[in-house]
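Source file: coords.txt (compact mmCIF, C-alpha atoms)
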# COMPACT_ATOMS: atom_id res chain seq x y z
CA LYS A 109 75.48 104.87 65.52
CA GLU A 110 78.22 106.64 67.50
CA ALA A 111 77.97 106.62 71.30
CA VAL A 112 77.22 109.95 72.98
CA ALA A 113 79.23 111.05 76.05
CA VAL A 114 76.99 111.90 79.00
CA ASN A 115 78.30 113.59 82.16
CA LEU A 116 76.72 112.32 85.36
CA TYR A 117 77.23 113.45 88.94
CA GLY A 118 80.78 114.09 90.06
CA ASP A 119 83.44 113.22 87.49
CA ASN A 120 81.60 110.22 86.13
CA GLN A 121 81.18 110.18 82.37
CA VAL A 122 79.54 107.41 80.34
CA LYS A 123 79.11 106.84 76.63
CA VAL A 124 75.57 105.87 75.67
CA ARG A 125 74.03 104.41 72.54
CA LEU A 126 70.28 103.68 72.68
CA ILE A 127 68.30 100.87 71.08
CA ASP A 128 64.61 100.27 71.68
CA CYS A 129 62.29 97.33 71.11
CA VAL A 130 58.54 96.67 71.22
CA GLY A 131 58.72 94.41 74.22
CA TYR A 132 56.43 91.55 75.16
CA ILE A 133 52.77 92.04 74.30
CA VAL A 134 50.32 93.03 77.03
CA LYS A 135 46.89 91.43 77.09
CA GLY A 136 44.27 93.89 75.87
CA ALA A 137 46.68 95.91 73.70
CA GLY A 138 45.29 97.12 70.36
CA GLY A 139 46.80 96.92 66.87
CA LEU A 140 47.49 93.19 66.97
CA GLU A 141 44.86 92.23 64.38
CA GLU A 142 44.43 93.25 60.78
CA GLY A 143 41.23 92.36 58.91
CA ASP A 144 40.09 88.92 59.96
CA GLY A 145 43.52 87.67 61.04
CA GLU A 146 46.60 88.51 63.04
CA ARG A 147 48.61 91.47 61.88
CA MET A 148 51.64 90.41 59.79
CA VAL A 149 54.88 92.43 59.61
CA MET A 150 58.26 92.22 57.88
CA THR A 151 61.38 91.97 60.03
CA PRO A 152 65.17 92.08 59.44
CA TRP A 153 65.38 88.47 60.66
CA SER A 154 63.16 86.83 58.05
CA ASP A 155 62.34 87.10 54.34
CA GLN A 156 58.75 86.16 55.07
CA PRO A 157 56.16 88.19 56.99
CA MET A 158 55.44 86.99 60.51
CA PRO A 159 52.76 87.75 63.12
CA PHE A 160 53.32 91.01 65.00
CA THR A 161 53.28 89.25 68.40
CA GLN A 162 55.97 86.80 67.29
CA ALA A 163 58.07 89.59 65.73
CA ALA A 164 57.83 91.65 68.94
CA GLU A 165 59.03 88.75 71.09
CA LEU A 166 61.84 87.82 68.70
CA GLY A 167 63.06 91.42 68.40
CA THR A 168 62.90 91.95 72.15
CA ARG A 169 64.88 88.76 72.81
CA LYS A 170 67.55 89.74 70.27
CA VAL A 171 67.91 93.20 71.79
CA ILE A 172 68.23 91.76 75.28
CA HIS A 173 70.77 89.07 74.35
CA ASP A 174 72.73 90.45 71.40
CA HIS A 175 72.52 94.23 71.17
CA SER A 176 72.55 95.66 74.70
CA THR A 177 74.97 96.05 77.58
CA ILE A 178 72.46 97.37 80.08
CA GLY A 179 68.68 97.44 80.11
CA ILE A 180 65.80 99.72 81.08
CA VAL A 181 62.59 97.78 81.61
CA VAL A 182 59.60 100.13 81.26
CA THR A 183 56.38 98.96 82.87
CA THR A 184 53.45 100.90 84.33
CA ASP A 185 51.06 101.07 87.22
CA GLY A 186 48.12 101.16 84.77
CA SER A 187 47.44 104.88 85.17
CA PHE A 188 47.90 105.75 81.47
CA SER A 189 45.14 103.70 79.84
CA ASP A 190 42.16 101.49 80.48
CA ILE A 191 44.44 98.42 80.66
CA ALA A 192 44.73 97.34 84.29
CA ARG A 193 48.03 96.90 86.12
CA GLU A 194 47.45 93.13 86.30
CA ALA A 195 47.81 92.80 82.51
CA TYR A 196 51.41 94.03 82.66
CA ILE A 197 52.62 91.61 85.34
CA GLU A 198 53.20 88.54 83.12
CA PRO A 199 55.31 90.25 80.35
CA GLU A 200 57.03 92.34 83.04
CA GLU A 201 58.09 89.18 84.88
CA ARG A 202 59.29 87.50 81.66
CA THR A 203 61.50 90.47 80.82
CA ILE A 204 62.98 90.83 84.30
CA GLN A 205 63.67 87.12 84.71
CA GLU A 206 65.32 86.96 81.29
CA LEU A 207 67.63 89.88 82.13
CA LYS A 208 68.48 88.38 85.51
CA ALA A 209 69.23 85.01 83.90
CA ILE A 210 71.86 86.44 81.54
CA GLY A 211 73.32 88.70 84.25
CA LYS A 212 73.09 92.05 82.48
CA PRO A 213 72.65 95.18 84.65
CA PHE A 214 69.20 96.75 84.38
CA ILE A 215 66.64 98.85 86.21
CA VAL A 216 62.85 98.99 86.13
CA ILE A 217 60.96 102.22 85.40
CA VAL A 218 57.32 102.33 86.48
CA ASN A 219 55.72 104.77 84.04
CA SER A 220 52.95 106.61 85.87
CA SER A 221 50.89 109.74 85.36
CA LYS A 222 51.28 110.29 89.12
CA PRO A 223 54.73 108.90 90.02
CA TYR A 224 54.54 110.15 93.62
CA SER A 225 51.11 108.66 94.28
CA GLU A 226 50.55 105.84 96.73
CA GLU A 227 49.66 103.45 93.89
CA ALA A 228 52.84 104.18 91.91
CA GLN A 229 55.10 103.92 94.96
CA GLY A 230 53.33 100.71 95.98
CA THR A 231 54.08 99.22 92.56
CA VAL A 232 57.75 100.22 92.89
CA LYS A 233 57.97 98.64 96.34
CA ASN A 234 56.33 95.45 95.11
CA ILE A 235 58.79 95.13 92.20
CA ASN A 236 61.75 95.82 94.50
CA GLU A 237 60.71 93.13 96.95
CA LYS A 238 59.58 90.56 94.39
CA TYR A 239 62.58 90.67 92.04
CA GLN A 240 65.28 92.28 94.22
CA VAL A 241 66.00 94.90 91.54
CA GLN A 242 66.28 98.68 91.31
CA ALA A 243 62.94 100.31 90.44
CA ALA A 244 61.72 103.91 90.25
CA ALA A 245 58.45 105.64 89.36
CA LEU A 246 58.58 108.36 86.67
CA ASN A 247 56.26 110.15 84.28
CA CYS A 248 57.93 109.43 80.93
CA ASN A 249 55.83 112.14 79.21
CA GLN A 250 57.31 114.78 81.52
CA LEU A 251 60.92 113.65 81.93
CA ARG A 252 63.33 116.25 83.23
CA MET A 253 67.12 116.29 83.10
CA GLU A 254 67.14 115.31 86.77
CA ASP A 255 64.99 112.26 86.01
CA ILE A 256 67.31 111.07 83.24
CA GLN A 257 70.29 111.55 85.53
CA LYS A 258 68.48 109.54 88.20
CA ILE A 259 67.91 106.72 85.71
CA MET A 260 71.57 106.66 84.70
CA GLU A 261 72.74 106.70 88.30
CA LYS A 262 70.51 103.76 89.15
CA LEU A 263 71.79 101.93 86.08
CA LEU A 264 75.39 102.44 87.12
CA ALA A 265 74.51 101.27 90.62
CA SER A 266 73.27 98.01 89.09
CA PHE A 267 76.68 97.18 87.61
CA PRO A 268 78.63 94.36 89.27
CA ILE A 269 81.54 95.12 91.59
CA SER A 270 84.80 94.11 89.90
CA GLN A 271 87.22 94.76 92.75
CA VAL A 272 87.18 95.84 96.40
CA GLU A 273 90.43 97.29 97.78
CA PHE A 274 90.85 97.29 101.54
CA HIS A 275 93.55 99.76 102.60
CA MET A 276 94.87 99.23 106.12
CA PRO A 277 97.57 100.92 108.21
CA LYS A 278 101.15 99.79 107.56
CA TRP A 279 101.46 98.43 111.07
CA VAL A 280 98.63 96.01 110.34
CA GLU A 281 100.10 95.01 106.95
CA ILE A 282 103.36 93.79 108.52
CA LEU A 283 101.57 91.47 110.96
CA GLN A 284 101.80 87.75 110.25
CA PRO A 285 98.72 86.19 108.59
CA SER A 286 98.23 84.10 111.73
CA HIS A 287 98.07 87.16 114.03
CA TRP A 288 94.79 87.45 115.92
CA LEU A 289 94.11 90.99 114.65
CA LYS A 290 94.59 89.99 111.01
CA ASN A 291 92.34 86.98 111.53
CA GLU A 292 89.68 89.30 112.95
CA LEU A 293 90.06 91.59 109.93
CA ILE A 294 89.83 88.71 107.45
CA ASP A 295 86.66 87.38 109.11
CA ASN A 296 85.05 90.83 108.86
CA VAL A 297 86.07 91.23 105.22
CA ARG A 298 84.59 87.83 104.37
CA SER A 299 81.34 88.83 106.04
CA ILE A 300 81.22 92.10 104.07
CA LEU A 301 81.98 90.46 100.72
CA SER A 302 79.15 87.99 101.25
CA LYS A 303 76.68 90.92 101.34
CA ILE A 304 77.75 92.78 98.20
CA SER A 305 77.67 92.04 94.47
CA ILE A 306 76.61 95.26 92.71
CA ILE A 307 77.55 98.92 93.15
CA ASN A 308 74.24 99.64 94.86
CA ASP A 309 75.28 97.29 97.69
CA ILE A 310 78.10 99.67 98.67
CA THR A 311 76.37 101.21 101.68
CA SER A 312 77.50 102.10 105.18
CA SER A 313 75.22 99.46 106.66
CA ASN A 314 76.82 96.68 104.59
CA PHE A 315 80.28 97.89 105.61
CA ALA A 316 79.50 98.27 109.31
CA SER A 317 82.22 96.77 111.51
CA GLU A 318 81.26 93.65 113.45
CA SER A 319 84.46 93.70 115.50
CA GLU A 320 85.37 95.55 118.67
CA TYR A 321 88.91 95.90 117.31
CA ILE A 322 87.95 97.60 114.01
CA LYS A 323 86.56 101.11 114.36
CA GLU A 324 85.26 101.63 110.82
CA PHE A 325 85.29 100.43 107.22
CA ARG A 326 85.31 103.83 105.51
CA ILE A 327 84.08 104.01 101.89
CA GLU A 328 86.65 106.23 100.14
CA HIS A 329 85.80 105.85 96.46
CA ILE A 330 83.32 104.07 94.20
CA GLY A 331 84.56 103.75 90.62
CA MET A 332 81.41 103.77 88.53
CA GLU A 333 83.48 103.45 85.36
CA ASN A 334 85.22 100.21 86.34
CA GLY A 335 83.39 98.78 89.35
CA ARG A 336 86.33 99.27 91.72
CA VAL A 337 85.69 100.21 95.33
CA LYS A 338 88.29 101.57 97.77
CA ILE A 339 87.79 101.03 101.49
CA SER A 340 89.94 102.34 104.35
CA VAL A 341 90.09 100.14 107.44
CA VAL A 342 90.24 102.32 110.56
CA PHE A 343 91.47 100.82 113.82
CA ASP A 344 91.19 102.27 117.29
CA ASP A 345 94.46 103.85 118.48
CA SER A 346 94.49 101.63 121.56
CA ARG A 347 94.80 98.55 119.31
CA TYR A 348 97.97 99.99 117.81
CA TYR A 349 99.64 100.25 121.20
CA GLN A 350 98.26 96.85 122.23
CA VAL A 351 99.80 95.13 119.20
CA LEU A 352 103.03 97.13 119.57
CA SER A 353 103.33 95.98 123.18
CA GLU A 354 102.93 92.37 122.05
CA LEU A 355 105.59 92.72 119.34
CA VAL A 356 108.30 94.37 121.48
CA GLY A 357 107.46 92.54 124.70
CA VAL A 358 107.26 95.78 126.69
CA PRO A 359 104.03 97.56 127.73
CA VAL A 360 103.43 100.63 125.53
CA GLU A 361 100.30 102.54 126.51
CA GLY A 362 100.76 105.79 124.62
CA GLU A 363 102.94 108.04 122.50
CA TYR A 364 105.06 109.20 125.45
CA GLN A 365 106.10 105.67 126.33
CA LEU A 366 106.71 104.87 122.65
CA ILE A 367 109.12 107.81 122.21
CA HIS A 368 110.91 106.92 125.45
CA LEU A 369 111.28 103.31 124.28
CA LEU A 370 112.61 104.37 120.86
CA LYS A 371 115.25 106.60 122.47
CA GLU A 372 116.30 103.77 124.74
CA TYR A 373 116.56 101.29 121.86
CA ALA A 374 118.43 103.80 119.70
CA ALA A 375 121.03 104.25 122.44
CA LYS A 376 121.64 100.49 122.48
CA LYS A 377 121.70 100.11 118.71
CA ASN A 378 125.46 100.67 118.32
CA GLU A 379 126.29 98.18 121.06
CA ILE A 380 123.98 95.59 119.52
CA GLY A 381 125.59 96.19 116.11
CA LYS A 382 129.07 95.40 117.46
CA ILE A 383 127.82 92.27 119.20
CA SER A 384 126.03 91.16 116.04
CA ASP A 385 129.25 91.05 113.98
CA ALA A 386 131.06 89.04 116.64
CA TRP A 387 128.08 86.74 117.06
CA ASN A 388 128.09 85.97 113.33
CA GLU A 389 131.80 85.12 113.57
CA VAL A 390 131.08 82.72 116.43
CA HIS A 391 128.52 80.88 114.30
CA ARG A 392 130.93 80.81 111.35
CA LYS A 393 134.17 79.66 113.02
CA GLY A 394 133.46 79.36 116.75
CA TYR A 395 135.26 82.53 117.85
CA GLY A 396 134.35 86.19 117.70
CA VAL A 397 135.74 89.43 119.14
CA ILE A 398 133.81 92.60 119.96
CA THR A 399 136.29 95.32 119.06
CA PRO A 400 136.29 98.45 121.22
CA SER A 401 135.05 101.81 120.02
CA VAL A 402 137.19 104.95 120.17
CA ASP A 403 135.51 106.25 123.32
CA GLU A 404 136.40 102.99 125.11
CA ILE A 405 140.14 103.35 124.48
CA THR A 406 142.20 104.91 127.29
CA ILE A 407 145.53 106.55 126.42
CA GLU A 408 147.99 106.98 129.28
CA GLN A 409 150.34 109.92 129.69
CA PRO A 410 153.34 109.78 127.32
CA GLU A 411 156.57 108.51 128.89
CA LEU A 412 160.17 109.35 128.11
CA ILE A 413 162.15 106.24 127.20
CA ARG A 414 165.85 105.72 126.61
CA HIS A 415 167.33 103.30 124.14
CA GLY A 416 171.08 103.42 124.43
CA SER A 417 172.17 106.93 123.68
CA LYS A 418 168.84 107.77 122.09
CA TYR A 419 165.57 108.83 123.60
CA GLY A 420 161.98 108.39 122.56
CA VAL A 421 158.39 108.68 123.70
CA LYS A 422 156.10 105.78 124.63
CA LEU A 423 152.34 106.03 124.31
CA LYS A 424 150.28 103.25 125.88
CA ALA A 425 146.63 102.65 125.06
CA THR A 426 144.33 100.25 126.87
CA SER A 427 140.88 99.09 125.86
CA PRO A 428 138.56 96.24 126.75
CA SER A 429 137.81 93.56 124.17
CA VAL A 430 135.10 90.96 124.58
CA HIS A 431 135.83 87.47 123.28
CA LEU A 432 133.03 85.10 122.43
CA ILE A 433 134.03 81.43 122.29
CA GLN A 434 131.78 78.61 121.18
CA ALA A 435 132.36 75.49 123.29
CA ASN A 436 130.05 72.55 122.75
CA ILE A 437 128.75 71.05 125.99
CA GLU A 438 128.18 67.32 126.06
CA THR A 439 125.93 65.62 128.57
CA GLU A 440 124.72 62.06 128.81
CA ILE A 441 121.68 60.40 130.32
CA ALA A 442 122.42 56.78 131.15
CA PRO A 443 119.74 55.30 133.43
CA ILE A 444 120.22 51.72 134.64
CA VAL A 445 116.86 49.93 134.24
CA GLY A 446 117.63 46.25 134.83
CA THR A 447 117.64 43.49 132.24
CA GLN A 448 118.63 43.79 128.58
CA GLN A 449 115.00 43.39 127.52
CA GLN A 450 113.93 46.25 129.81
CA ALA A 451 116.67 48.46 128.35
CA GLU A 452 115.60 47.59 124.79
CA ASP A 453 111.97 48.39 125.69
CA LEU A 454 113.05 51.79 127.02
CA ILE A 455 114.98 52.50 123.80
CA GLU A 456 111.90 51.59 121.75
CA TYR A 457 109.71 53.80 123.95
CA ILE A 458 112.06 56.80 123.65
CA SER A 459 112.42 56.31 119.88
CA GLY A 460 108.64 56.26 119.53
CA GLN A 461 108.35 59.51 121.46
CA ASN A 462 111.06 61.09 119.29
CA SER A 463 109.06 60.43 116.12
CA SER A 464 105.96 62.05 117.62
CA SER A 465 105.58 65.82 117.49
CA GLU A 466 102.64 65.77 119.90
CA ASP A 467 103.10 66.64 123.58
CA GLY A 468 106.68 67.83 123.02
CA GLY A 469 108.03 64.56 121.58
CA ILE A 470 111.17 63.14 123.19
CA TRP A 471 111.65 66.24 125.36
CA GLU A 472 108.64 65.41 127.50
CA THR A 473 109.42 61.68 127.77
CA ASN A 474 109.35 60.70 131.44
CA ILE A 475 112.27 58.71 132.82
CA PHE A 476 112.18 57.87 136.52
CA GLY A 477 110.01 60.85 137.43
CA LYS A 478 111.82 63.47 135.33
CA THR A 479 111.43 64.51 131.72
CA VAL A 480 114.30 64.27 129.25
CA ARG A 481 114.26 68.08 129.09
CA GLN A 482 114.85 68.35 132.85
CA LEU A 483 117.63 65.74 132.81
CA VAL A 484 119.44 67.43 129.90
CA GLU A 485 119.16 70.89 131.49
CA GLU A 486 120.56 69.57 134.78
CA GLY A 487 123.45 67.92 132.94
CA MET A 488 124.23 71.14 131.03
CA GLU A 489 124.14 73.26 134.19
CA SER A 490 126.47 70.81 135.91
CA LYS A 491 129.01 71.03 133.07
CA VAL A 492 128.87 74.84 132.94
CA GLY A 493 129.35 74.98 136.70
CA LYS A 494 132.73 73.26 136.33
CA LEU A 495 134.14 76.51 134.95
CA THR A 496 134.53 78.19 138.36
CA ASP A 497 135.21 81.86 138.96
CA GLU A 498 138.88 81.04 139.48
CA SER A 499 139.02 79.12 136.20
CA GLN A 500 137.28 81.97 134.40
CA LEU A 501 139.84 84.45 135.77
CA LYS A 502 142.73 82.25 134.65
CA LEU A 503 141.20 81.88 131.21
CA GLN A 504 140.83 85.65 130.98
CA GLU A 505 144.46 86.20 132.02
CA THR A 506 145.61 83.61 129.50
CA ILE A 507 143.81 85.33 126.63
CA GLN A 508 145.26 88.70 127.69
CA LYS A 509 148.80 87.26 127.69
CA VAL A 510 148.31 85.63 124.30
CA ILE A 511 147.08 88.91 122.85
CA ASN A 512 149.54 91.30 124.50
CA ASP A 513 152.73 89.38 125.30
CA SER A 514 153.08 86.40 122.96
CA ASN A 515 153.61 85.83 119.27
CA GLY A 516 150.24 84.12 118.99
CA GLY A 517 151.33 80.63 120.00
CA LEU A 518 149.41 78.83 122.74
CA VAL A 519 150.04 75.64 124.73
CA CYS A 520 147.38 74.58 127.24
CA ILE A 521 147.82 72.02 130.00
CA ILE A 522 144.44 71.09 131.52
CA ILE A 523 144.59 69.41 134.94
Could you show the structure in this file as structure tokens?
Amino acid sequence: KEAVAVNLYGDNQVKVRLIDCVGYIVKGAGGLEEGDGERMVMTPWSDQPMPFTQAAELGTRKVIHDHSTIGIVVTTDGSFSDIAREAYIEPEERTIQELKAIGKPFIVIVNSSKPYSEEAQGTVKNINEKYQVQAAALNCNQLRMEDIQKIMEKLLASFPISQVEFHMPKWVEILQPSHWLKNELIDNVRSILSKISIINDITSSNFASESEYIKEFRIEHIGMENGRVKISVVFDDSRYYQVLSELVGVPVEGEYQLIHLLKEYAAKKNEIGKISDAWNEVHRKGYGVITPSVDEITIEQPELIRHGSKYGVKLKATSPSVHLIQANIETEIAPIVGTQQQAEDLIEYISGQNSSSEDGGIWETNIFGKTVRQLVEEGMESKVGKLTDESQLKLQETIQKVINDSNGGLVCIII
């Protein structure tokens, strides 16, 4: 009653426990009658004797439903006896359909005295096409170890797939789900999954790429013991550089350009880091300062100074500091349209556009031949233009005096 461990090809090991049954009766089979009536037999399922045919069907059904995990349906091409192949078709079909209905993995063995003959192979082909199942022709009287291994391999190939893992490059993983390349990958995966259900479906043809962007779906591992399949998604190298160019906004056609770009970005990293801190301060309180680095500080020659009867040394250091100031710009659009009713109609029209997200909403609302976006941008540019070069220079000098010469107090008179 204990299962026996059987080593198959590779590292696959299965534990097997066998149970047999009579099967469904074939027309023309002997031993069904006893005396003048039907042969009666005792069974574990009844205290009373029952006809052999009924007992065979009941036992077969119980084995199929209650006592088995996988099944081996043994039929024949009719080469072993004087019973023709046609007599086996009806019970063969009943058995196969019953196994398919309950979803248990199984294969069909065509028992033949000449398994490589045209008749035997024709029977196998017919069963394959008719029932869409795994079938093989064997001589059960002359089974070899290789034949048994073949049976077990086909059985394992009939097991359902429990999980398919698609492993892709990291640069594809980080792409947004809405990215065109990921959408292409998802469409291909859906197409593949629609073709497979059992281990035997894991073939190169079923995993052929239907996309010009995907080079190959490579089958890395088939887990016979748990139904898990590992697939590597291989992309063409040119797609990597194409996507990289889209992400960074700069054309990258190969490794040379990539390395050059990385060196350039690395050189700017420190500068960007300093700006980032100041930029965060601007958003927090409206003012930020980019402090200078050591290599930006200039130290002048030491000077001798006199303070009364005493002397000392003065060291002067100069460095640039960049000040970021947040100043809100206000602009107004105030078109004169005519009567009060016309003005109210314009307000209603603009409000309706503001609530709509289609066609840009309020930004694309047309007022006297220009969109709101254009009018606002013109107003902003006009306000920014008021800070002339001369005003900018004065503002710069003022900040320098506040920093270097004052105690931090500031009084502004704007004319």
Shell of 12 Å around A:Lys278, all atoms listed in the file, local chain residues under 6 positions omitted, as a ChimeraX atom specification
/A:340-343,348
Provide the atom CA of A:Ala451 to atom CA of A:Val480 distance in Å, to one decimal place.
16.0 Å
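Between atom CA of A:Ser427 and atom CA of A:Ile511 lies a distance of 12.3 Å.
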Using all atoms listed in the file, determine which residues lie at most 7 Å from stretch 333-337 of chain A, disregarding the query and same-chain residues fewer than 3 positions distant; provide the list as a PyMOL selection string.
chain A and resi 268-273+307+329-330
Selection to disk with C-alpha atoms, as a tab-separated table (two decimals), in the coordinates of the input:
chain	number	residue	atom	x	y	z
A	268	PRO	CA	78.63	94.36	89.27
A	269	ILE	CA	81.54	95.12	91.59
A	270	SER	CA	84.80	94.11	89.90
A	271	GLN	CA	87.22	94.76	92.75
A	272	VAL	CA	87.18	95.84	96.40
A	273	GLU	CA	90.43	97.29	97.78
A	307	ILE	CA	77.55	98.92	93.15
A	329	HIS	CA	85.80	105.85	96.46
A	330	ILE	CA	83.32	104.07	94.20
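Those residues that approach stretch 389-405 of chain A to within 9 Å, counting all atoms listed in the file, are A:Lys382, A:Ile383, A:Ser384, A:Asp385, A:Ala386, A:Ala425, A:Thr426, A:Ser427, A:Pro428, A:Ser429, A:Val430, A:His431, A:Leu432, A:Ile433, A:Gln434, A:Ala435; same-chain residues fewer than 3 positions away are not listed.
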Where's the centre, and what are the edge lengths in Å to one decimal, of a box along x, y and z enclosing all listed atoms of stretch 181-186 of chain A padded 8 Å per side, as JSON?
{"center_x": 55.4, "center_y": 99.5, "center_z": 84.2, "size_x": 30.5, "size_y": 19.4, "size_z": 22.0}
